[in-house]
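Just below is one structure, and these are the notes that go with it.
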Amino acid sequence: MPEGLEAELYRSGAERALDRTITGVTIDGRQPWAAEIEAVLPGATFVAARRIGKMVLLDLGRAAGADTLSLHFGMTGRLIVDDVAAIDSLEYSSARDDASWDRLVVGFEDGGALRVNDPRRWARFEFDPPSDRLGPDFLDVTADHLLTVFARRRAAVKAVLLDQAVVAGYGNMSVDEVLWQTGVCPLAPARDIPVDDVVRLVEFAPTHLIGMLDRGGSHRGAIDPEVRAALPPCPRDGTPLRRDRVGGRTTIWCPHHQVAGRPS
Ligand SMILES: [Zn+2]
């Protein structure tokens with residue numbers, strides 16, 4: 001399940017695809033932008049690899065009817081450049097690289113290729129996505145922005161952080177991780193999170209998450225897939241961890257130290 005952290009790994013992997021002339025495109029015909037992508041890419045080059053939230057954006061280097069190709073990886077998509085995967089295996093996904101799962105193949109003049117391989121077909125590709133449907137990126141979001149949004153939301157803070165229009169890039173595992181690390185209760189109404197805790201969350205998240213990125217992605221935190229499955233005592237204080245549904249997602253949290261914002 002590629003979250004913003006995985007998308008950042010894909011983005012850095014996509015830098016290997018820059019400044020190489022595109023000679024061919026093969027795309028899953030069910031993709032809504034298939035015809036446009038097949039028509040525009042040949043002859044072009046990617047000149048920059050950016051990321052917003054869970055999307056990787058590849059900027060095109062010549063006026064060709066589109067400025068940017070966006071890649072969204074769904075639940076199981078992987079980005080592979082020249083047969084080198086940015087991530088060897090995703091949690092809950094297959095490490096197999098079956099060519100029949102290639103949903104987009106961009107071939108370069110030098111014989112290499114950029115591919116998105118996705119067993120479950122939820123990856124999406126489009127040109128020039130509207131920029132107003134995503135909030136600020138989760139690694140850049142400010143406390144002022146979150147405080148403004150939180151003040152008018154009574155939904156659980158975890159659900160609000162997962163709303164990509166509020167802040168782009170958080171996924172289920174990375175949200176559980178930062179809430180556990182910062183002692184914020186995932187079920188607390190967003191508007192009840194004290195200002196100091198919002199500020200701490202915003203300051204802590206990028207540095208800690210980038211550490212997880214260096215270790216391989218959103219499954220490399222304290223609340224890792226083994227902890228999620230086994231529900232051992234809290235690594236910090238030994239209290240049994242809890243598993244609840246919050247915003248429709250399985251949420252692992254510690255009832256002892258994740259108290260910020262919790263109704264008393
Ligand atoms: Zn704890």
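Every chain in the structure tokens has a letter given in the order shown (A, B, ...), and although residue numbers restart at 1 in each chain, ligands are simply numbered from 1 in the order shown.
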
| task | Please identify every polymer residue within 7 Å of ligand 1, using only C-alpha atoms and all ligand atoms, and present the set as a list in words. | result | Cys234, Pro235, Arg236, Asp237, Gly238, Thr239, Cys254, Pro255, His256, His257 and Gln258 of chain A

| request: Show which residues sit within 7 Å of Ile52 in chain A, as a list of chain:residue names. Count only C-alpha atoms, and ignore same-chain residues fewer than 3 positions away. | output: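 Contacts, with the query itself left out: A:Met55, A:Val56, A:Asp137, A:Ala168.
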
| request: Name the residues in contact with Gly248 in chain A at a cut-off of 12 Å, using only C-alpha atoms, excluding same-chain residues fewer than 3 positions from it; report them as a PyMOL selection string. | output: chain A and resi 156+158-160+162-163+172+187+244-245+251

| query | Just asking: which residues within range 118-255 of chain A are helix (DSSP H, G or I) according to DSSP, as a VMD selection string? | reply | chain A and resid 131 to 133 143 to 151 157 to 162 172 to 182 190 to 192 195 to 215 225 to 230

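For the pair CA of Asp102 in chain A and CA of Thr68 in chain A, the separation is 20.6 Å.
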
| said: Going by DSSP on the backbone, which residues of range 57-228 of chain A come out as strand (DSSP E)? List them as an MDAnalysis selection string. | reply: chainID A and resid 57:60 68:72 78:81 84:85 102:108 113:117 124:127

| message | Which residues are near Gly4 in chain A? Cut-off 10 Å, only C-alpha atoms, ignore same chain within fewer than 4 positions. Put them as a list in words. | response |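 Residues meeting the cut-off are Glu8, Leu9, Tyr10, Arg51, Ile52, Gly53, Lys54, Met55, Val56, Asp137, Phe138, Leu139, Ala168, Gly169, Tyr170, Gly171, Ser174, Leu209, Leu213, Gly217 and Ser218 of chain A.
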
With all heavy atoms retained, write the just-selected residues as a compact mmCIF listing (two decimals), in the first residue's frame.
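Result file selection-v6.txt:
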# COMPACT_ATOMS: atom_id res chain seq x y z
N GLU A 8 7.58 8.81 -2.27
CA GLU A 8 8.85 9.53 -2.28
C GLU A 8 9.99 8.62 -2.75
O GLU A 8 10.89 9.06 -3.48
CB GLU A 8 9.14 10.11 -0.88
CG GLU A 8 10.46 10.84 -0.74
CD GLU A 8 10.66 11.99 -1.72
OE1 GLU A 8 9.67 12.57 -2.20
OE2 GLU A 8 11.84 12.29 -2.02
N LEU A 9 9.95 7.35 -2.36
CA LEU A 9 10.96 6.42 -2.88
C LEU A 9 10.81 6.25 -4.40
O LEU A 9 11.80 6.20 -5.13
CB LEU A 9 10.83 5.05 -2.19
CG LEU A 9 11.22 5.01 -0.72
CD1 LEU A 9 10.85 3.67 -0.10
CD2 LEU A 9 12.73 5.25 -0.55
N TYR A 10 9.56 6.17 -4.85
CA TYR A 10 9.33 6.06 -6.30
C TYR A 10 9.82 7.32 -7.02
O TYR A 10 10.41 7.25 -8.10
CB TYR A 10 7.84 5.87 -6.59
CG TYR A 10 7.28 4.56 -6.12
CD1 TYR A 10 5.91 4.40 -5.95
CD2 TYR A 10 8.10 3.46 -5.88
CE1 TYR A 10 5.37 3.19 -5.52
CE2 TYR A 10 7.56 2.26 -5.45
CZ TYR A 10 6.21 2.13 -5.27
OH TYR A 10 5.68 0.95 -4.86
N ARG A 51 6.78 15.12 -6.39
CA ARG A 51 5.78 14.34 -5.66
C ARG A 51 4.87 15.28 -4.91
O ARG A 51 5.32 16.29 -4.36
CB ARG A 51 6.46 13.40 -4.64
CG ARG A 51 5.48 12.54 -3.85
CD ARG A 51 6.19 11.79 -2.73
NE ARG A 51 6.82 12.72 -1.81
CZ ARG A 51 6.18 13.38 -0.86
NH1 ARG A 51 4.90 13.19 -0.66
NH2 ARG A 51 6.81 14.25 -0.10
N ILE A 52 3.58 14.96 -4.93
CA ILE A 52 2.63 15.62 -4.02
C ILE A 52 1.84 14.50 -3.38
O ILE A 52 1.17 13.72 -4.07
CB ILE A 52 1.67 16.58 -4.74
CG1 ILE A 52 2.45 17.67 -5.48
CG2 ILE A 52 0.70 17.22 -3.73
CD1 ILE A 52 1.55 18.61 -6.29
N GLY A 53 1.91 14.40 -2.07
CA GLY A 53 1.18 13.33 -1.39
C GLY A 53 1.62 11.98 -1.92
O GLY A 53 2.81 11.67 -1.96
N LYS A 54 0.65 11.18 -2.37
CA LYS A 54 0.95 9.83 -2.84
C LYS A 54 1.17 9.78 -4.36
O LYS A 54 1.30 8.69 -4.92
CB LYS A 54 -0.21 8.90 -2.46
CG LYS A 54 -0.50 8.88 -0.96
CD LYS A 54 -1.70 8.02 -0.64
CE LYS A 54 -2.05 8.13 0.84
NZ LYS A 54 -3.22 7.31 1.21
N MET A 55 1.16 10.95 -5.01
CA MET A 55 1.32 11.01 -6.46
C MET A 55 2.75 11.38 -6.85
O MET A 55 3.35 12.25 -6.24
CB MET A 55 0.43 12.12 -7.03
CG MET A 55 -0.85 11.66 -7.62
SD MET A 55 -1.76 13.00 -8.45
CE MET A 55 -1.16 14.51 -7.76
N VAL A 56 3.25 10.72 -7.88
CA VAL A 56 4.52 11.14 -8.48
C VAL A 56 4.19 11.89 -9.76
O VAL A 56 3.35 11.46 -10.55
CB VAL A 56 5.42 9.92 -8.78
CG1 VAL A 56 6.61 10.32 -9.64
CG2 VAL A 56 5.90 9.30 -7.46
N ASP A 137 1.55 18.95 1.29
CA ASP A 137 2.20 17.66 1.46
C ASP A 137 2.48 17.38 2.93
O ASP A 137 2.81 18.29 3.70
CB ASP A 137 3.51 17.64 0.67
CG ASP A 137 4.08 16.24 0.65
OD1 ASP A 137 3.54 15.40 -0.08
OD2 ASP A 137 5.04 15.98 1.40
N PHE A 138 2.39 16.13 3.30
CA PHE A 138 2.54 15.75 4.72
C PHE A 138 3.93 16.02 5.27
O PHE A 138 4.10 16.11 6.48
CB PHE A 138 2.14 14.29 4.93
CG PHE A 138 3.10 13.25 4.40
CD1 PHE A 138 3.49 12.17 5.19
CD2 PHE A 138 3.61 13.33 3.13
CE1 PHE A 138 4.36 11.21 4.71
CE2 PHE A 138 4.49 12.38 2.63
CZ PHE A 138 4.87 11.32 3.43
N LEU A 139 4.93 16.17 4.42
CA LEU A 139 6.27 16.48 4.92
C LEU A 139 6.50 17.99 5.03
O LEU A 139 7.50 18.42 5.58
CB LEU A 139 7.34 15.85 4.01
CG LEU A 139 7.31 14.31 3.95
CD1 LEU A 139 8.39 13.79 3.01
CD2 LEU A 139 7.46 13.68 5.33
N ALA A 168 -1.81 15.91 2.22
CA ALA A 168 -1.61 14.88 1.20
C ALA A 168 -0.42 14.00 1.53
O ALA A 168 0.67 14.51 1.80
CB ALA A 168 -1.41 15.53 -0.17
N GLY A 169 -0.63 12.71 1.55
CA GLY A 169 0.50 11.79 1.66
C GLY A 169 0.43 10.81 2.82
O GLY A 169 1.10 9.78 2.78
N TYR A 170 -0.35 11.15 3.84
CA TYR A 170 -0.47 10.19 4.93
C TYR A 170 -1.25 8.97 4.48
O TYR A 170 -2.23 9.07 3.73
CB TYR A 170 -1.21 10.80 6.13
CG TYR A 170 -0.32 11.54 7.09
CD1 TYR A 170 -0.51 12.87 7.37
CD2 TYR A 170 0.73 10.87 7.72
CE1 TYR A 170 0.31 13.55 8.26
CE2 TYR A 170 1.56 11.54 8.61
CZ TYR A 170 1.34 12.87 8.87
OH TYR A 170 2.14 13.53 9.76
N GLY A 171 -0.83 7.80 4.98
CA GLY A 171 -1.58 6.57 4.81
C GLY A 171 -1.81 5.97 6.19
O GLY A 171 -1.40 6.53 7.21
N SER A 174 1.48 5.27 8.35
CA SER A 174 2.26 6.44 8.78
C SER A 174 1.48 7.30 9.76
O SER A 174 2.07 7.91 10.66
CB SER A 174 2.77 7.24 7.58
OG SER A 174 1.76 7.50 6.65
N LEU A 209 9.47 10.59 9.97
CA LEU A 209 9.05 9.86 8.77
C LEU A 209 10.20 9.72 7.78
O LEU A 209 10.33 8.71 7.11
CB LEU A 209 7.85 10.56 8.12
CG LEU A 209 6.56 10.51 8.95
CD1 LEU A 209 5.49 11.39 8.33
CD2 LEU A 209 6.05 9.08 9.07
N LEU A 213 11.72 6.47 5.99
CA LEU A 213 12.00 6.42 4.54
C LEU A 213 13.40 5.84 4.30
O LEU A 213 13.60 4.98 3.45
CB LEU A 213 11.91 7.85 4.00
CG LEU A 213 12.01 8.11 2.52
CD1 LEU A 213 10.88 7.41 1.80
CD2 LEU A 213 11.94 9.61 2.28
N GLY A 217 10.51 2.68 4.21
CA GLY A 217 9.13 3.06 3.96
C GLY A 217 8.26 3.01 5.19
O GLY A 217 8.73 2.90 6.32
N SER A 218 6.94 3.09 4.94
CA SER A 218 5.99 3.29 6.02
C SER A 218 5.81 2.06 6.90
O SER A 218 5.12 2.13 7.92
CB SER A 218 4.63 3.73 5.45
OG SER A 218 4.18 2.79 4.52

With a distance cut-off of 10 Å and only C-alpha atoms, select the neighbouring residues of range 231-233 of chain A, excluding the residue or stretch itself and same-chain residues fewer than 4 positions from it, and output the selection as a JSON list (two decimals) with N, CA, C and O atoms, in the first residue's frame.
[["chain", "number", "residue", "atom", "x", "y", "z"],
["A", 223, "ILE", "N", 5.28, 1.05, 15.03],
["A", 223, "ILE", "CA", 4.02, 0.32, 14.85],
["A", 223, "ILE", "C", 4.10, -0.35, 13.48],
["A", 223, "ILE", "O", 3.44, 0.05, 12.52],
["A", 225, "PRO", "N", 4.26, -3.80, 10.75],
["A", 225, "PRO", "CA", 3.23, -4.82, 10.46],
["A", 225, "PRO", "C", 3.20, -5.96, 11.47],
["A", 225, "PRO", "O", 2.12, -6.49, 11.75],
["A", 226, "GLU", "N", 4.33, -6.30, 12.06],
["A", 226, "GLU", "CA", 4.31, -7.37, 13.07],
["A", 226, "GLU", "C", 3.56, -6.90, 14.31],
["A", 226, "GLU", "O", 2.76, -7.64, 14.89],
["A", 227, "VAL", "N", 3.82, -5.66, 14.74],
["A", 227, "VAL", "CA", 3.10, -5.10, 15.88],
["A", 227, "VAL", "C", 1.61, -5.02, 15.56],
["A", 227, "VAL", "O", 0.75, -5.37, 16.39],
["A", 237, "ASP", "N", 5.49, 1.72, 27.04],
["A", 237, "ASP", "CA", 5.07, 1.65, 28.45],
["A", 237, "ASP", "C", 4.49, 0.30, 28.86],
["A", 237, "ASP", "O", 4.06, 0.15, 30.00],
["A", 238, "GLY", "N", 4.43, -0.66, 27.94],
["A", 238, "GLY", "CA", 4.00, -2.01, 28.32],
["A", 238, "GLY", "C", 2.50, -2.22, 28.43],
["A", 238, "GLY", "O", 2.04, -3.33, 28.71],
["A", 239, "THR", "N", 1.72, -1.17, 28.19],
["A", 239, "THR", "CA", 0.26, -1.32, 28.22],
["A", 239, "THR", "C", -0.20, -2.08, 26.98],
["A", 239, "THR", "O", 0.34, -1.85, 25.89],
["A", 240, "PRO", "N", -1.19, -2.97, 27.10],
["A", 240, "PRO", "CA", -1.66, -3.66, 25.88],
["A", 240, "PRO", "C", -2.13, -2.64, 24.83],
["A", 240, "PRO", "O", -2.90, -1.73, 25.15],
["A", 241, "LEU", "N", -1.66, -2.79, 23.61],
["A", 241, "LEU", "CA", -2.12, -1.93, 22.52],
["A", 241, "LEU", "C", -3.55, -2.30, 22.16],
["A", 241, "LEU", "O", -4.01, -3.41, 22.42],
["A", 242, "ARG", "N", -4.26, -1.34, 21.56],
["A", 242, "ARG", "CA", -5.63, -1.59, 21.13],
["A", 242, "ARG", "C", -5.73, -1.55, 19.62],
["A", 242, "ARG", "O", -4.95, -0.88, 18.95],
["A", 243, "ARG", "N", -6.73, -2.27, 19.13],
["A", 243, "ARG", "CA", -7.03, -2.23, 17.69],
["A", 243, "ARG", "C", -8.47, -1.79, 17.54],
["A", 243, "ARG", "O", -9.38, -2.41, 18.06],
["A", 252, "ILE", "N", -4.12, 0.99, 15.26],
["A", 252, "ILE", "CA", -3.41, 0.42, 16.40],
["A", 252, "ILE", "C", -2.94, 1.59, 17.26],
["A", 252, "ILE", "O", -2.31, 2.53, 16.76],
["A", 253, "TRP", "N", -3.24, 1.52, 18.56],
["A", 253, "TRP", "CA", -2.86, 2.65, 19.43],
["A", 253, "TRP", "C", -2.76, 2.21, 20.87],
["A", 253, "TRP", "O", -3.23, 1.13, 21.24],
["A", 254, "CYS", "N", -2.13, 3.05, 21.66],
["A", 254, "CYS", "CA", -1.89, 2.75, 23.07],
["A", 254, "CYS", "C", -2.81, 3.61, 23.94],
["A", 254, "CYS", "O", -2.72, 4.85, 23.91]]

| task | Measure the distance from CA of Phe127 in chain A to CA of Asp97 in chain A in Å and round it to one decimal. | result | 25.8 Å

| task | Can you pull out every residue within 7 Å of range 19-21 of chain A, counting only C-alpha atoms, but drop anything in the same chain fewer than 4 positions away, and send it as a VMD selection string? | result | chain A and resid 43 to 47 108 to 109

Selection above as a file: all heavy atoms, as a compact mmCIF listing (two decimals), in the first residue's frame:
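And here is the file that came out, out_13.txt:
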# COMPACT_ATOMS: atom_id res chain seq x y z
N GLY A 43 8.76 10.82 -28.24
CA GLY A 43 9.55 11.98 -28.66
C GLY A 43 9.83 12.95 -27.52
O GLY A 43 10.72 13.79 -27.64
N ALA A 44 9.08 12.86 -26.45
CA ALA A 44 9.27 13.78 -25.32
C ALA A 44 10.31 13.22 -24.35
O ALA A 44 10.82 12.10 -24.51
CB ALA A 44 7.94 13.99 -24.60
N THR A 45 10.66 14.04 -23.36
CA THR A 45 11.51 13.58 -22.25
C THR A 45 10.88 14.05 -20.95
O THR A 45 10.16 15.05 -20.91
CB THR A 45 12.94 14.17 -22.32
OG1 THR A 45 12.82 15.60 -22.36
CG2 THR A 45 13.70 13.69 -23.53
N PHE A 46 11.16 13.31 -19.88
CA PHE A 46 10.82 13.79 -18.55
C PHE A 46 11.99 14.65 -18.07
O PHE A 46 13.15 14.26 -18.18
CB PHE A 46 10.62 12.63 -17.58
CG PHE A 46 9.51 11.69 -17.96
CD1 PHE A 46 9.75 10.32 -18.09
CD2 PHE A 46 8.22 12.16 -18.19
CE1 PHE A 46 8.73 9.45 -18.43
CE2 PHE A 46 7.19 11.29 -18.54
CZ PHE A 46 7.44 9.92 -18.66
N VAL A 47 11.66 15.81 -17.51
CA VAL A 47 12.74 16.72 -17.08
C VAL A 47 12.79 16.89 -15.57
O VAL A 47 13.78 17.40 -15.04
CB VAL A 47 12.64 18.10 -17.76
CG1 VAL A 47 12.84 17.96 -19.26
CG2 VAL A 47 11.31 18.77 -17.44
N PHE A 108 12.53 3.97 -23.50
CA PHE A 108 13.46 5.03 -23.87
C PHE A 108 14.35 4.59 -25.04
O PHE A 108 14.56 3.39 -25.26
CB PHE A 108 14.34 5.41 -22.67
CG PHE A 108 13.54 5.88 -21.49
CD1 PHE A 108 13.45 5.11 -20.33
CD2 PHE A 108 12.86 7.09 -21.54
CE1 PHE A 108 12.69 5.53 -19.25
CE2 PHE A 108 12.11 7.52 -20.45
CZ PHE A 108 12.02 6.74 -19.30
N GLU A 109 14.87 5.59 -25.71
CA GLU A 109 15.73 5.37 -26.89
C GLU A 109 16.91 4.47 -26.56
O GLU A 109 17.37 3.68 -27.38
CB GLU A 109 16.23 6.74 -27.35
CG GLU A 109 16.83 6.80 -28.72
CD GLU A 109 17.10 8.26 -29.09
OE1 GLU A 109 17.46 9.07 -28.20
OE2 GLU A 109 16.93 8.58 -30.27

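Residue neighbourhood of Ala123 in chain A, excluding near-sequence residues (fewer than 4 positions): Leu71, His72, Phe73, Gly74, Met75, Thr76, Gly77, Arg103, Val116 and Asp118 of chain A, at 8 Å, using only C-alpha atoms.
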
| note | Between CA of Asp128 in chain A and CA of Pro32 in chain A lies a distance of 13.5 Å

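Proximity ranking of A:Ala14, A:Ala222, A:Val149, A:Cys185 relative to Val259 in chain A places A:Cys185 first, based on only C-alpha atoms.
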